[in-house]
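Student: What follows is a structure written as structure tokens; I'll ask about it next.
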Amino acid sequence: MNSPRHLFEKAAINQLKLLMQNFLKCSTLILFFLFHGCVSVDMSLIRPPSPLQEHVIEGKGQPKILLLNISGFISERSKGGNIMDLKRKPSLVVQVREALQKAEQDDQIAGLIIKINSPGGTVTASDIIYHELVKFRQKKDIPVYACITGVGASGGYYVAAASDNITAHPTAITGSIGVIALKFNAEGLLNKIGLENETIKSGDKKDIFSPFRPITFEEREILQSIIDHLNNRFVDAIFAGRKDLLTKEQITKLGDGRIYTAQQALDSGLIDRIEYLDDTIIRMKNNLDIEHARIITYYRAGEYPSTIYSSSSSDNSTILGLLGGQAGGFSPFSAVEFLYLWRP
């Protein structure tokens with residue numbers, strides 16, 4: 001009798017064979033049409049992204065409170081349009097910098113609220129957004145709050161640490177402080193279907209963390225030292241914003257990778273308050289001593305933020321976005337990426 005593991009391996013091998021056959025068929029067909037002049041691409045259809053526009057979501061008065069949306073996988077990669085819309089969408093890093101630069105020039109903006117619903121993303125992208133927010137606070141000198149509406153884990157919390165005050169919805173999940181690097185070891189599966197890895201390299205560590213062979217003990221130590229260094233940056237970022245509440249030792253203890261409910265995060269000092277986004281807006285107005293304010297956001301053509309809970313239509317927060325590089329997310333078969341990411 002075949003064991004469950006044997007059946008699973010057999011099914012995986014059959015599926016991989018089928019995918020490779022379909023890929024070869026499609027590739028051959030596309031090349032045939034290209035070489036015979038049957039396919040052409042109208043480059044005019046690939047439109048550049050439109051500039052940001054301001055939209056008043058609600059409220060009245062002269063002062064403005066800007067909602068900045070951090071949603072989905074945090075990445076430097078631009079996002080491709082779908083089959084019906086060929087325009088490239090700017091990466092989240094580009095969107096954030098562009099929004100902050102626009103806000104810097106607007107003297108009516110009295111406060112900024114970062115609305116976060118993200119499991120994190122790459123170390124570099126998370127760190128760039130953190131850096132841009134810190135720089136914005138120094139230049140603009142206005143209150144900056146972060147509100148975690150759904151998930152604000154790992155890189156999502158790293159971004160929140162750049163704010164003056166962190167709140168979370170009662171059902172929010174946060175924490176997952178730390179760094180991770182992921183890959184599959186596909187050597188066994190490839191051997192079963194008769195594929196072998198042939199790599200020519202200038203040094204024995206040039207293909208470190210390759211998915212085609214097991215990692216060596218020495219290579220593991222090298223990667224661990226990098227992860228430890230990046231984790232120290234994470235701890236330093238949290239400490240910079242919460243040193244009145246937490247010591248570095250306490251942050252390190254909290255930062256073992258586990259996730260926290262909103263109440264657990266409040267009890268441990270990782271957030272300042274549990275409240276909904278509309279409560280955070282009211283509290284910011286009260287702290288600014290303004291009765292009326294326009295709640296605004298920035299958007300591009302094709303998007304329509306109708307309420308404070310609207311997300312950008314260009315968010316890549318789907319499962320596909322986390323698994324495939326096409327959506328600007330993480331792929332286990334791509335190059336090594338160090339991630340501030342909660343990805344169970």
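Chain labels A, B, ... are given in the sequence in which chains occur in the structure tokens; within each chain residues are numbered consecutively from 1, and ligands are likewise numbered from 1 in the order shown.
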Which polymer residues have any atom within 9 Å of an atom of segment 274-283 of chain A, counting only C-alpha atoms, with same-chain residues fewer than 2 positions away left out, as a PyMOL selection string?
Tutor: chain A and resi 65+113+115+145-149+166-170+262-263+266+271-272+285-288+295+308-309
Student: Can you check which residues of segment 121-203 of chain A DSSP gives as strand (DSSP E or B) on the backbone and send them as a list in words?
Tutor: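 Those residues are Gly121, Thr122, Val144, Tyr145, Ala146, Cys147, Ile148, Thr149, Gly150, Val151, Gly152, Ala153, Asn165, Ile166, Thr167, Ala168, Ile173, Thr174, Gly175 and Ile180 of chain A.
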Student: With distances taken over only C-alpha atoms, which residue among A:Ala293, A:Ile142, A:Leu52, A:Val123 lies nearest Arg97 of chain A?
Tutor: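 Nearest to Arg97 of chain A: A:Leu52.
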Student: Which residues, written as a list in words, have at least one atom at most 9 Å from Leu341 of chain A, with only C-alpha atoms counted and residues fewer than 5 positions away on the same chain left out?
Tutor: Phe73, Ile74, Ser118, Pro119, Gly120, Gly121, Thr122, Val123, Ala153, Ser154, Gly155, Gly156, Ser176, Ile177, Gly178, Val179 and Ile180 of chain A
Student: From the list A:Lys60, A:Lys243, A:Leu67, A:Gly188, which residue is nearest Thr307 of chain A when using only C-alpha atoms?
Tutor: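 Of the candidates, the smallest distance to Thr307 of chain A is held by A:Leu67.
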Student: Give me, please, the distance in Å between atom CA of Gly152 of chain A and atom CA of Ser268 of chain A, quoted to one decimal.
Tutor: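 It comes out at 15.5 Å.
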Student: Considering only helix (DSSP H, G or I) as DSSP defines it on the backbone, what residues of segment 71-203 of chain A qualify? List them as a PyMOL selection string.
Tutor: chain A and resi 92-104+123-140+155-160+187-192
Student: With a distance cut-off of 7 Å and only C-alpha atoms, select the neighbouring residues of segment 125-139 of chain A, excluding the residue or stretch itself and same-chain residues fewer than 5 positions from it, and output the selection as a VMD selection string.
Tutor: chain A and resid 74 to 76 93 96 to 97 100 155 158 to 159 162
Student: Can you pull out the residues contacting Ala186 of chain A? Cut-off 10 Å, using only C-alpha atoms, and skip same-chain residues under 6 positions away; I want them as an mmCIF file with N, CA and C atoms, in the first residue's frame.
Tutor:
data_model
loop_
_atom_site.group_PDB
_atom_site.id
_atom_site.type_symbol
_atom_site.label_atom_id
_atom_site.label_comp_id
_atom_site.auth_asym_id
_atom_site.auth_seq_id
_atom_site.Cartn_x
_atom_site.Cartn_y
_atom_site.Cartn_z
ATOM 1 N N SER A 210 21.205 28.188 -2.159
ATOM 2 C CA SER A 210 20.595 27.713 -3.399
ATOM 3 C C SER A 210 19.456 26.746 -3.085
ATOM 4 N N PRO A 211 18.343 26.813 -3.839
ATOM 5 C CA PRO A 211 17.250 25.860 -3.615
ATOM 6 C C PRO A 211 17.542 24.472 -4.170
ATOM 7 N N PHE A 212 18.705 24.314 -4.811
ATOM 8 C CA PHE A 212 19.015 23.048 -5.468
ATOM 9 C C PHE A 212 19.950 22.163 -4.653
ATOM 10 N N ARG A 213 20.317 22.599 -3.440
ATOM 11 C CA ARG A 213 21.153 21.767 -2.584
ATOM 12 C C ARG A 213 20.954 22.176 -1.126
ATOM 13 N N PRO A 214 21.296 21.301 -0.192
ATOM 14 C CA PRO A 214 21.183 21.674 1.227
ATOM 15 C C PRO A 214 22.202 22.744 1.595
ATOM 16 N N PHE A 333 11.328 30.456 -4.933
ATOM 17 C CA PHE A 333 12.301 30.063 -5.939
ATOM 18 C C PHE A 333 13.064 31.261 -6.490
#
Student: Counting only C-alpha atoms, which of A:Val144, A:Leu182, A:Ile200, A:Ile290 gets nearest to Ile114 of chain A?
Tutor: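 Once distances to Ile114 of chain A are computed over only C-alpha atoms, the minimum belongs to A:Val144.
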Student: Please measure the separation of atom CA of Ile109 of chain A and atom CA of Pro63 of chain A, giving the value in Å to one decimal.
Tutor: 5.9 Å
